[in-house]
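Participant: Take a look at this one; I'll ask things after.
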Amino acid sequence: MKSKHIKYIWVPVIISLVLIPAGFYYVNWSKSGDGAGLYSRDWLPEAVFAYWNPDKFYQPVKSIGGIYKGEDCVSCHSGVTPGIVKDWQASRHSKADKKVYCNDCHGSDHENLHLPAPKVCATCHAKQHNQFEDEKRYGFPSHALAMERALDAKHFVDKPKAEVTACLQCHSVATKCDSCHSRHKFSAAEARRPEACITCHSGPPHPDDETFFNSAHGQIYLKEGESWDWSKPLKKGNYPAPTCAYCHMDEGKHQVADKALWKFGLKEINPLSSGNKIKRKKWIKLCSDCHDKDWSAQQLKAMDTERKRTWSKLYEAEDILKDLRANNNLFPPVDLRPFYPGDDADTLFQFERIGFFEGQASAFYNVSPIERDYFEMWYFGNLNAYKGSAHGDMSFVKKGHEKMDKSLTEIKLKAEKQRASGKIKVDENIIKNIWLKGEYTDFNREQN
Amino acid sequence: MKSKHIKYIWVPVIISLVLIPAGFYYVNWSKSGDGAGLYSRDWLPEAVFAYWNPDKFYQPVKSIGGIYKGEDCVSCHSGVTPGIVKDWQASRHSKADKKVYCNDCHGSDHENLHLPAPKVCATCHAKQHNQFEDEKRYGFPSHALAMERALDAKHFVDKPKAEVTACLQCHSVATKCDSCHSRHKFSAAEARRPEACITCHSGPPHPDDETFFNSAHGQIYLKEGESWDWSKPLKKGNYPAPTCAYCHMDEGKHQVADKALWKFGLKEINPLSSGNKIKRKKWIKLCSDCHDKDWSAQQLKAMDTERKRTWSKLYEAEDILKDLRANNNLFPPVDLRPFYPGDDADTLFQFERIGFFEGQASAFYNVSPIERDYFEMWYFGNLNAYKGSAHGDMSFVKKGHEKMDKSLTEIKLKAEKQRASGKIKVDENIIKNIWLKGEYTDFNREQN
Amino acid sequence: MKSKHIKYIWVPVIISLVLIPAGFYYVNWSKSGDGAGLYSRDWLPEAVFAYWNPDKFYQPVKSIGGIYKGEDCVSCHSGVTPGIVKDWQASRHSKADKKVYCNDCHGSDHENLHLPAPKVCATCHAKQHNQFEDEKRYGFPSHALAMERALDAKHFVDKPKAEVTACLQCHSVATKCDSCHSRHKFSAAEARRPEACITCHSGPPHPDDETFFNSAHGQIYLKEGESWDWSKPLKKGNYPAPTCAYCHMDEGKHQVADKALWKFGLKEINPLSSGNKIKRKKWIKLCSDCHDKDWSAQQLKAMDTERKRTWSKLYEAEDILKDLRANNNLFPPVDLRPFYPGDDADTLFQFERIGFFEGQASAFYNVSPIERDYFEMWYFGNLNAYKGSAHGDMSFVKKGHEKMDKSLTEIKLKAEKQRASGKIKVDENIIKNIWLKGEYTDFNREQN
């Protein structure tokens, strides 16, 4: 009997041995299309993607040939594009004993130039690049994973090209260094200033910009920052008030994840877990560059209070939506909703359908008004309050909670109405017109 | 008969003599709890309140003992918190013949340090402090009364802690001087710049920030302000364009109330009352530092036109709500609404209930959508238009009126619907779930 | 027979000969009222209009008499209004060999001073003025036609005065030069900076301000702009990053229309028409001051992609509204709607009625919610996305499309509901109360 059992053990072993390489092969195959990422076979890049993800998409210009030395590049481009030459001349690259010329980064063969991806910069700036890459260990949200995160998202494929383009501009922070060190000066002094961050970190879901500038820190920066010596490293005593990089990249470290407590406000956490206790100590040490330790600890606690309150509101809303779904009071009902883009109705496995399903956010396209309310509560109200709390701009805390309260009231009233009117009768026509012709559907698929 | 009547006069006299001290005793008793203000017995402060209302809540740090002289403070803190020492070194405090050291404001006993409340600053800066306190004569809105106003508000007690914390940050302008003169430089030059004001004066209900920077004045400041000599007093001829303080604290006066015409736009006034005529003259004199007198008068008149239009819209909305309430077409009906927080249903006197009742604003929590529309119309649209008009940013006038018009249309349509469907049938369950579990109720009371 | 036919030809000839002068006479008569523009007989100007349209409305101050020389003006006004004298002293006007004094622009007779309209400035600055006027050739939108455009708009007359005043402040760019060159410095250096433009170019329908400052260009300006030499002309190589004027007024040309492709995003165009191909070449040449030509072309193409997507959404919404109107499912029905202001119900010709009729925008006053959704989609969502795309701020593209998607969903749901409930029953009372007492009606007409 025993030997017979042992014999059967080969069945799962063999299946695994077949499935694992098959899985690897499948993922590899998925990634080998003309696009990029897990869904690379389902979309084609726009031309501008070449600049956001140069390693993957950049095609050298063929109009001008020849092999050039650095001095030649500078000589010719002084006339053709004087601005960027002046930038370079003002940079450390042009002032080093061994100058870093155009061709050191772009190559010398004018028909095979490349746009330098981070690994090119890493040739000299290995420390910074390693720190940057180290962020990946901490998972999302992350600068280093930003491009992957965008490309491998389920809704990437069928989203309208115009919006995908909008997403990639910021997410390109992972694939090019000049998101922060604007070319061709690549100045550290410049990248230390908050403006380097706010091109991306602004707007409703992450008003880092607005909340910093509204805070006491931001106001001091606005009043005096012009006269500070930005060539100094981001160290205790060097700056009268902190800016984004002073706190999140303290002492110039190119990794912003190892102090991240609430992680962008997108997940409820236990602020007192052992990992978070260590992070809190790092924050308190940092804040204590200027403030009393107790004060710093109290600020963190005030943020916890704010978060606790937020999550109780979000869960209250989520419970209502779960209940509606369970009782088939969502419109359209779950089984009549379209699948996520890229998913196929005929597939063997059950895929997710668009709308409120599980986890914290429902989609923001092709959803019913009550789900949209929840999405806005979660994505805008929540994150407004969080960023306000984290950056010391209490007006955003207030604004965020007001938004959430308004959404919650809307959700409650709509839910009561939907319950009162019983299970929703489905007009197939509406579903076809509104739901299957929405953002995530035919139009986009045709344009990809 | 006469003597008999005279005898009875003692009845109200005695009652008054008993009631007045009783009233004083009651108010005193109310204020003696662990919180602060009229409802001090009903809430506990958060730790951070210590910094916003130090006189009331600050507890000295006990970890380090000893009595120190000023030089000692500077010597040790140069290492511990170099930033604030540098700030002090850049300040007039460190450059005076008789230097003002750390211990002059914080005390010398390290186990009994205090955070300086305004009265500490008043030791030297009595003139400014007296001007600041003088604002109280003019009633709300007021910097000097800001903390009281927050703490003594009926809805303070049961409001979620996170939001109360948000309120107090700005309202702390009454209880500490570094809201404007950021520590430890306490620079007058810095406080003269508009950024000193906009930490608090921004956002939907009081977009002073946005409207100033959008105005011609603000644009000139943005283009040139960096090169102005901010050490000069705020006097005619010293600045090419006015900023917040130039107009509202002209010649450096620490009192902004004696020219306030429309008082934040929250009340309709008669712009031509004798008091306002005097204030208008002050404005015209001030504007005439740069502009023609007629032009200045016309600007004020244009603001009156705008206000008149606004109030006709607000009253139109208010009339609709009054009518709905009178006909029991508000949901929930008046008698089923919860009382204001802190009020008790079993009390002898009839207290206010949450929602649209009287005066200009309805509450913004726990109200029905039509009341919320009115609140937004009143609090956002109205004040957007007002601030735009007052600061010369006509885009906000337009935006404010657009918002109000939208709200008014919503209110009219909802009112018609509610009237058409007759008196609202009350589902007690909804009232219990939505109304009595809202912002102003159980959750908060539990957290206080 | 032939001669008889020839005889009849005189009938239309004579009619034309009568009608053409009659038309000219009518237009002339219309324009000769106390207001200005085509509807000048229907409204009276506010006093402040004198400053926005001085040539038409300014009335000299009579309080001080006398004829003064330039030195006299300066001497007296150094005491009366020192700020503006200092501005003048800092200007090129005071530093020229032949100084340009106050009286050269305002006149010498103190009882007959004028505010200089552009033609006064043109005495010396003819080139700039001619370029500015040249914009008129290109039609709307246009700086040079801005005042006419406002005054000759059908809804100008009955719009509330407060809002008309808001409109005219920006539209006065056509009728005075200090909209950009702030008085009395009239500095070219100052007018080159983006702040000169954003007083008007900001806010929901044209967030040029927001999108520029969020862009990489804007961020570089914010970080470094303070140290640039703004006295240099707007030419290749003079500035490290472009600002509004660098691109739209390249080489200082006072005409921004000859490169305008999408014309403010208000009309769908064929980006590949021959005219637009020429304009695209101009843009690519301009962008190539700093960027690669291919990159520049790709950016323009990315904008086309965005636009294409936008217009498909707008047309989808428009089709729904057309269908509702055709089936009398708009509320109120077309024939019960009020006419546009200024139009008369008893007139011979059929005039437009307020609401969704034809073309791309419905009105934003006195419209039903579904039309308001469409208006917001068109005027805010659309233009947010467009400006984001044009200025390289992808967050606004995203935001704009999110707004449009939300509106479109609302429109679809409301339309389904309106269709489901059949033709709308009309309550004449509602129409009277809501529609005929709205923005465009009795109140305003009474105030004009």
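Note on naming: chains are A, B, ... as they come in the structure tokens, residues start from 1 per chain, ligands start from 1 in the order shown.
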List the spatial neighbours of Asn329 of chain A as a list in words - criterion: any atom at most 10 Å away, only C-alpha atoms, same-chain residues fewer than 5 positions off excluded.
Facilitator: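 Listed by chain and then number, they are Leu321, Lys322, Asp323, Leu324, Val334, Ala415, Gln418, Arg419, Ala420, Ser421, Gly422, Lys423, Ile424 and Lys425 of chain A.
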Participant: Emit the selected residues as a compact mmCIF listing (two decimals), in the first residue's frame, including N, CA, C and O atoms.
Facilitator:
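The result, written out as part-v9.txt:
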```
# COMPACT_ATOMS: atom_id res chain seq x y z
N LEU A 321 -22.31 48.78 0.17
CA LEU A 321 -22.18 48.27 -1.20
C LEU A 321 -22.16 46.75 -1.24
O LEU A 321 -22.73 46.16 -2.16
N LYS A 322 -21.52 46.16 -0.28
CA LYS A 322 -21.51 44.69 -0.23
C LYS A 322 -22.92 44.16 -0.08
O LYS A 322 -23.31 43.18 -0.71
N ASP A 323 -23.66 44.80 0.79
CA ASP A 323 -25.03 44.37 1.03
C ASP A 323 -25.88 44.52 -0.23
O ASP A 323 -26.66 43.63 -0.58
N LEU A 324 -25.71 45.63 -0.91
CA LEU A 324 -26.46 45.84 -2.16
C LEU A 324 -26.11 44.77 -3.18
O LEU A 324 -26.97 44.22 -3.86
N VAL A 334 -24.51 41.90 -10.98
CA VAL A 334 -23.14 41.42 -11.16
C VAL A 334 -22.96 40.56 -12.41
O VAL A 334 -22.04 40.77 -13.18
N ALA A 415 -28.73 53.98 -1.40
CA ALA A 415 -28.92 52.58 -1.01
C ALA A 415 -30.33 52.37 -0.49
O ALA A 415 -31.01 51.39 -0.85
N GLN A 418 -32.60 52.28 -3.39
CA GLN A 418 -32.49 51.06 -4.19
C GLN A 418 -33.11 49.88 -3.45
O GLN A 418 -33.75 49.03 -4.06
N ARG A 419 -32.92 49.84 -2.14
CA ARG A 419 -33.54 48.76 -1.37
C ARG A 419 -35.05 48.88 -1.40
O ARG A 419 -35.75 47.90 -1.57
N ALA A 420 -35.52 50.11 -1.24
CA ALA A 420 -36.97 50.33 -1.18
C ALA A 420 -37.63 49.91 -2.48
O ALA A 420 -38.73 49.34 -2.48
N SER A 421 -36.94 50.12 -3.60
CA SER A 421 -37.57 49.79 -4.88
C SER A 421 -37.33 48.34 -5.28
O SER A 421 -37.70 47.93 -6.37
N GLY A 422 -36.75 47.57 -4.36
CA GLY A 422 -36.59 46.14 -4.61
C GLY A 422 -35.50 45.84 -5.61
O GLY A 422 -34.79 46.74 -6.06
N LYS A 423 -35.38 44.57 -5.95
CA LYS A 423 -34.35 44.20 -6.90
C LYS A 423 -34.51 44.98 -8.19
O LYS A 423 -35.61 45.18 -8.67
N ILE A 424 -33.40 45.39 -8.73
CA ILE A 424 -33.46 46.26 -9.91
C ILE A 424 -33.84 45.46 -11.15
O ILE A 424 -33.29 44.39 -11.41
N LYS A 425 -34.83 46.00 -11.85
CA LYS A 425 -35.21 45.34 -13.11
C LYS A 425 -34.20 45.74 -14.18
O LYS A 425 -33.91 46.92 -14.33
```
Participant: If you count only C-alpha atoms, which residues fall within 9 Å of Gly392 of chain A, apart from same-chain ones fewer than 5 positions away, as a VMD selection string?
Facilitator: chain A and resid 211 to 212 214 to 217 299 387
Participant: Export all heavy atoms of the chosen residues as a short mmCIF file (atom, residue, chain, number, x, y, z; two decimals), in the first residue's frame?
Facilitator:
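Done, and the output landed in selection.cif:
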```
data_model
loop_
_atom_site.label_atom_id
_atom_site.label_comp_id
_atom_site.auth_asym_id
_atom_site.auth_seq_id
_atom_site.Cartn_x
_atom_site.Cartn_y
_atom_site.Cartn_z
N THR A 211 -0.87 70.46 -0.23
CA THR A 211 -0.80 70.37 1.23
C THR A 211 0.54 70.85 1.75
O THR A 211 0.61 71.47 2.81
CB THR A 211 -1.09 68.94 1.71
OG1 THR A 211 -0.24 68.03 1.02
CG2 THR A 211 -2.54 68.56 1.45
N PHE A 212 1.61 70.58 1.02
CA PHE A 212 2.91 71.09 1.48
C PHE A 212 2.93 72.61 1.43
O PHE A 212 3.30 73.27 2.40
CB PHE A 212 4.07 70.52 0.64
CG PHE A 212 5.37 71.23 0.94
CD1 PHE A 212 6.04 70.99 2.14
CD2 PHE A 212 5.90 72.17 0.06
CE1 PHE A 212 7.22 71.67 2.43
CE2 PHE A 212 7.08 72.84 0.36
CZ PHE A 212 7.74 72.59 1.55
N ASN A 214 0.57 74.67 1.55
CA ASN A 214 -0.33 75.28 2.55
C ASN A 214 0.21 75.15 3.97
O ASN A 214 -0.27 75.84 4.87
CB ASN A 214 -1.70 74.60 2.52
CG ASN A 214 -2.56 75.08 1.38
OD1 ASN A 214 -2.22 76.06 0.72
ND2 ASN A 214 -3.67 74.42 1.15
N SER A 215 1.14 74.25 4.18
CA SER A 215 1.62 74.01 5.54
C SER A 215 2.57 75.12 5.99
O SER A 215 3.04 75.91 5.17
CB SER A 215 2.35 72.68 5.59
OG SER A 215 3.63 72.81 4.98
N ALA A 216 2.86 75.14 7.28
CA ALA A 216 3.83 76.11 7.79
C ALA A 216 5.17 75.91 7.10
O ALA A 216 5.85 76.88 6.73
CB ALA A 216 3.97 75.95 9.30
N HIS A 217 5.58 74.66 6.90
CA HIS A 217 6.84 74.38 6.20
C HIS A 217 6.84 75.02 4.81
O HIS A 217 7.78 75.70 4.42
CB HIS A 217 7.03 72.87 6.03
CG HIS A 217 7.24 72.14 7.32
ND1 HIS A 217 6.91 70.81 7.48
CD2 HIS A 217 7.75 72.54 8.52
CE1 HIS A 217 7.20 70.43 8.72
NE2 HIS A 217 7.70 71.46 9.36
N GLN A 299 2.36 64.46 16.61
CA GLN A 299 1.91 64.68 15.23
C GLN A 299 1.58 63.36 14.55
O GLN A 299 0.58 63.24 13.84
CB GLN A 299 2.99 65.41 14.43
CG GLN A 299 3.24 66.84 14.88
CD GLN A 299 2.08 67.77 14.55
OE1 GLN A 299 1.33 67.52 13.62
NE2 GLN A 299 1.91 68.81 15.34
N LYS A 387 -3.29 63.28 2.99
CA LYS A 387 -2.14 64.11 2.63
C LYS A 387 -2.13 65.38 3.49
O LYS A 387 -1.08 65.87 3.88
CB LYS A 387 -2.20 64.48 1.15
CG LYS A 387 -2.07 63.28 0.21
CD LYS A 387 -0.69 62.64 0.33
CE LYS A 387 -0.50 61.54 -0.69
NZ LYS A 387 0.84 60.95 -0.61
#
```
Participant: Please return, as a PDB file with N, CA and C atoms, in the first residue's frame, all residues of chain A lying within 8 Å of chain B when only C-alpha atoms are considered.
Facilitator:
```pdb
ATOM      1  N   ASN A 214       0.570  74.675   1.549  1.00  0.00           N
ATOM      2  CA  ASN A 214      -0.328  75.278   2.546  1.00  0.00           C
ATOM      3  C   ASN A 214       0.205  75.152   3.969  1.00  0.00           C
ATOM      4  N   SER A 215       1.138  74.253   4.182  1.00  0.00           N
ATOM      5  CA  SER A 215       1.617  74.010   5.543  1.00  0.00           C
ATOM      6  C   SER A 215       2.570  75.117   5.988  1.00  0.00           C
ATOM      7  N   ALA A 216       2.859  75.137   7.278  1.00  0.00           N
ATOM      8  CA  ALA A 216       3.832  76.110   7.792  1.00  0.00           C
ATOM      9  C   ALA A 216       5.173  75.913   7.100  1.00  0.00           C
ATOM     10  N   GLN A 219       4.994  77.386   3.637  1.00  0.00           N
ATOM     11  CA  GLN A 219       4.927  78.844   3.639  1.00  0.00           C
ATOM     12  C   GLN A 219       6.300  79.456   3.884  1.00  0.00           C
ATOM     13  N   ILE A 220       7.064  78.837   4.777  1.00  0.00           N
ATOM     14  CA  ILE A 220       8.421  79.345   5.016  1.00  0.00           C
ATOM     15  C   ILE A 220       9.242  79.206   3.732  1.00  0.00           C
ATOM     16  N   LEU A 222       8.130  79.233   0.700  1.00  0.00           N
ATOM     17  CA  LEU A 222       7.684  80.232  -0.283  1.00  0.00           C
ATOM     18  C   LEU A 222       8.228  81.618   0.034  1.00  0.00           C
ATOM     19  N   LYS A 223       8.318  81.917   1.317  1.00  0.00           N
ATOM     20  CA  LYS A 223       8.772  83.245   1.697  1.00  0.00           C
ATOM     21  C   LYS A 223      10.276  83.416   1.561  1.00  0.00           C
ATOM     22  N   GLU A 224      11.038  82.360   1.872  1.00  0.00           N
ATOM     23  CA  GLU A 224      12.487  82.528   1.981  1.00  0.00           C
ATOM     24  C   GLU A 224      13.293  81.654   1.037  1.00  0.00           C
ATOM     25  N   GLU A 226      13.928  81.137  -1.878  1.00  0.00           N
ATOM     26  CA  GLU A 226      14.718  81.672  -2.983  1.00  0.00           C
ATOM     27  C   GLU A 226      16.149  82.012  -2.536  1.00  0.00           C
ATOM     28  N   LYS A 236      20.487  67.937   8.574  1.00  0.00           N
ATOM     29  CA  LYS A 236      20.167  68.716   9.773  1.00  0.00           C
ATOM     30  C   LYS A 236      20.962  70.020   9.821  1.00  0.00           C
ATOM     31  N   GLY A 237      20.275  71.109   9.977  1.00  0.00           N
ATOM     32  CA  GLY A 237      20.951  72.390  10.132  1.00  0.00           C
ATOM     33  C   GLY A 237      21.207  73.131   8.830  1.00  0.00           C
ATOM     34  N   ASN A 238      21.079  72.437   7.706  1.00  0.00           N
ATOM     35  CA  ASN A 238      21.382  73.103   6.423  1.00  0.00           C
ATOM     36  C   ASN A 238      20.217  73.911   5.864  1.00  0.00           C
ATOM     37  N   TYR A 239      18.995  73.581   6.272  1.00  0.00           N
ATOM     38  CA  TYR A 239      17.825  74.260   5.711  1.00  0.00           C
ATOM     39  C   TYR A 239      16.917  74.750   6.837  1.00  0.00           C
ATOM     40  N   PRO A 240      16.429  75.983   6.724  1.00  0.00           N
ATOM     41  CA  PRO A 240      15.547  76.522   7.769  1.00  0.00           C
ATOM     42  C   PRO A 240      14.201  75.810   7.869  1.00  0.00           C
ATOM     43  N   ALA A 241      13.761  75.203   6.792  1.00  0.00           N
ATOM     44  CA  ALA A 241      12.493  74.463   6.843  1.00  0.00           C
ATOM     45  C   ALA A 241      12.602  73.291   5.888  1.00  0.00           C
ATOM     46  N   SER A 288      12.898  65.585  14.691  1.00  0.00           N
ATOM     47  CA  SER A 288      13.645  66.175  15.796  1.00  0.00           C
ATOM     48  C   SER A 288      14.863  66.968  15.330  1.00  0.00           C
ATOM     49  N   ASP A 289      15.140  66.963  14.037  1.00  0.00           N
ATOM     50  CA  ASP A 289      16.143  67.914  13.527  1.00  0.00           C
ATOM     51  C   ASP A 289      15.751  69.336  13.931  1.00  0.00           C
ATOM     52  N   CYS A 290      14.460  69.571  14.037  1.00  0.00           N
ATOM     53  CA  CYS A 290      13.986  70.924  14.380  1.00  0.00           C
ATOM     54  C   CYS A 290      13.036  70.943  15.576  1.00  0.00           C
ATOM     55  N   HIS A 291      12.223  69.895  15.706  1.00  0.00           N
ATOM     56  CA  HIS A 291      11.153  69.919  16.706  1.00  0.00           C
ATOM     57  C   HIS A 291      11.490  69.057  17.916  1.00  0.00           C
ATOM     58  N   TRP A 295       6.543  66.420  20.574  1.00  0.00           N
ATOM     59  CA  TRP A 295       5.735  67.070  19.538  1.00  0.00           C
ATOM     60  C   TRP A 295       5.659  66.192  18.290  1.00  0.00           C
ATOM     61  N   GLN A 298       3.497  63.250  18.804  1.00  0.00           N
ATOM     62  CA  GLN A 298       2.090  63.645  18.851  1.00  0.00           C
ATOM     63  C   GLN A 298       1.530  63.907  17.461  1.00  0.00           C
ATOM     64  N   GLN A 299       2.356  64.458  16.606  1.00  0.00           N
ATOM     65  CA  GLN A 299       1.910  64.681  15.230  1.00  0.00           C
ATOM     66  C   GLN A 299       1.579  63.356  14.553  1.00  0.00           C
ATOM     67  N   ALA A 302      -1.667  62.164  15.899  1.00  0.00           N
ATOM     68  CA  ALA A 302      -2.809  62.903  15.342  1.00  0.00           C
ATOM     69  C   ALA A 302      -3.155  62.354  13.958  1.00  0.00           C
ATOM     70  N   THR A 305      -5.137  59.194  14.429  1.00  0.00           N
ATOM     71  CA  THR A 305      -6.533  59.493  14.779  1.00  0.00           C
ATOM     72  C   THR A 305      -7.327  59.802  13.525  1.00  0.00           C
ATOM     73  N   GLU A 306      -6.726  60.617  12.686  1.00  0.00           N
ATOM     74  CA  GLU A 306      -7.410  60.987  11.454  1.00  0.00           C
ATOM     75  C   GLU A 306      -7.688  59.751  10.598  1.00  0.00           C
ATOM     76  N   ARG A 309     -10.477  57.445  11.873  1.00  0.00           N
ATOM     77  CA  ARG A 309     -11.781  58.005  11.566  1.00  0.00           C
ATOM     78  C   ARG A 309     -12.133  57.781  10.092  1.00  0.00           C
ATOM     79  N   ASP A 393      -1.343  70.248   6.693  1.00  0.00           N
ATOM     80  CA  ASP A 393      -2.288  71.218   6.140  1.00  0.00           C
ATOM     81  C   ASP A 393      -3.679  70.782   6.537  1.00  0.00           C
ATOM     82  N   MET A 394      -4.147  71.296   7.651  1.00  0.00           N
ATOM     83  CA  MET A 394      -5.392  70.807   8.217  1.00  0.00           C
ATOM     84  C   MET A 394      -6.610  71.186   7.385  1.00  0.00           C
ATOM     85  N   SER A 395      -6.441  72.183   6.514  1.00  0.00           N
ATOM     86  CA  SER A 395      -7.587  72.528   5.671  1.00  0.00           C
ATOM     87  C   SER A 395      -7.943  71.369   4.743  1.00  0.00           C
ATOM     88  N   VAL A 397      -7.524  68.199   5.570  1.00  0.00           N
ATOM     89  CA  VAL A 397      -8.179  67.196   6.415  1.00  0.00           C
ATOM     90  C   VAL A 397      -9.667  67.498   6.450  1.00  0.00           C
ATOM     91  N   LYS A 398      -9.954  68.746   6.690  1.00  0.00           N
ATOM     92  CA  LYS A 398     -11.347  69.182   6.777  1.00  0.00           C
ATOM     93  C   LYS A 398     -12.060  68.951   5.446  1.00  0.00           C
ATOM     94  N   HIS A 401     -12.631  65.221   4.757  1.00  0.00           N
ATOM     95  CA  HIS A 401     -13.728  64.636   5.529  1.00  0.00           C
ATOM     96  C   HIS A 401     -15.080  65.165   5.081  1.00  0.00           C
ATOM     97  N   ASP A 405     -17.962  62.722   3.924  1.00  0.00           N
ATOM     98  CA  ASP A 405     -19.283  62.754   4.563  1.00  0.00           C
ATOM     99  C   ASP A 405     -20.382  62.940   3.536  1.00  0.00           C
ATOM    100  N   THR A 409     -23.303  60.194   2.798  1.00  0.00           N
ATOM    101  CA  THR A 409     -24.733  60.513   2.851  1.00  0.00           C
ATOM    102  C   THR A 409     -25.404  60.126   1.540  1.00  0.00           C
ATOM    103  N   LYS A 412     -25.756  56.375   1.382  1.00  0.00           N
ATOM    104  CA  LYS A 412     -26.832  55.881   2.246  1.00  0.00           C
ATOM    105  C   LYS A 412     -28.203  56.148   1.638  1.00  0.00           C
ATOM    106  N   GLU A 416     -30.787  53.298   0.342  1.00  0.00           N
ATOM    107  CA  GLU A 416     -32.154  53.166   0.868  1.00  0.00           C
ATOM    108  C   GLU A 416     -33.162  53.144  -0.277  1.00  0.00           C
TER     109      GLU A 416
END
```
Participant: If you run DSSP on this backbone, which residues of segment 144-376 of chain B come out as alpha helix (DSSP H), and could you give them as a PyMOL selection string?
Facilitator: chain B and resi 146-151+161-171+188-191+195-198+208-214+216-224+244-248+274-287+293-326+369-376
Participant: As an exercise, work out the distance from atom CA of Leu234 of chain C to atom CA of Glu251 of chain C in Å and give it to one decimal place.
Facilitator: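 Answer for the atom CA of Leu234 of chain C to atom CA of Glu251 of chain C separation: 4.8 Å.
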Participant: When you look at Asp250 of chain C with a cut-off of 12 Å (counting only C-alpha atoms), what residues show up, excluding the ones that are within fewer than 2 positions of it in the same chain? I need them as a list in words.
Facilitator: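 Contacts, with the query itself left out: Arg192, Pro233, Leu234, Lys235, Lys236, Asn238, Tyr239, Pro242, Thr243, Cys244, Ala245, Tyr246, Cys247, His248, Gly252, Lys253, His254, Gln255, Val256, Ala257, Asp258, Lys259, Lys282, Trp283, Lys285, Leu286, Cys287 and Asp289 of chain C.
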Participant: Looking at A:Ser407, A:Ser40, A:Asn103, A:Gln59, which one is nearest to Val74 of chain A, with distances taken over only C-alpha atoms?
Facilitator: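 Result for the nearest residue to Val74 of chain A: A:Asn103.
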Participant: For Lys136 of chain B, please output as a list in words all residues within 12 Å (counting only C-alpha atoms; exclusion window: fewer than 3 positions along the same chain).
Facilitator: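 The neighbour list is His129, Asn130, Gln131, Phe132, Glu133, Gly139, Phe140, Pro141, Ser142, His143, Ala144, Leu145, Ala146, Met147, Glu148, Arg149, Ala174, Gln255, Val256, Ala257 and Asp258 of chain B.
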Participant: Could you tell me how far atom CA of Cys102 of chain A lies from atom CA of His391 of chain C, in Å and to one decimal?
Facilitator: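 About the pair atom CA of Cys102 of chain A and atom CA of His391 of chain C: they are 27.2 Å apart.
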Participant: So how far away is atom CA of Ser312 of chain A from atom CA of Phe156 of chain B, in Å?
Facilitator: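 The value is 19.9 Å.
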Participant: Skip Ala117 of chain C itself and residues of its chain fewer than 2 positions away, then list as an MDAnalysis selection string all residues within 8 Å of it, counting only C-alpha atoms.
Facilitator: chainID C and resid 53:55 115 119:121 175:177
Participant: Skip Tyr379 of chain A itself and residues of its chain fewer than 5 positions away, then list as a ChimeraX atom specification all residues within 9 Å of it, counting only C-alpha atoms.
Facilitator: /A:204-206,266,361,374,384
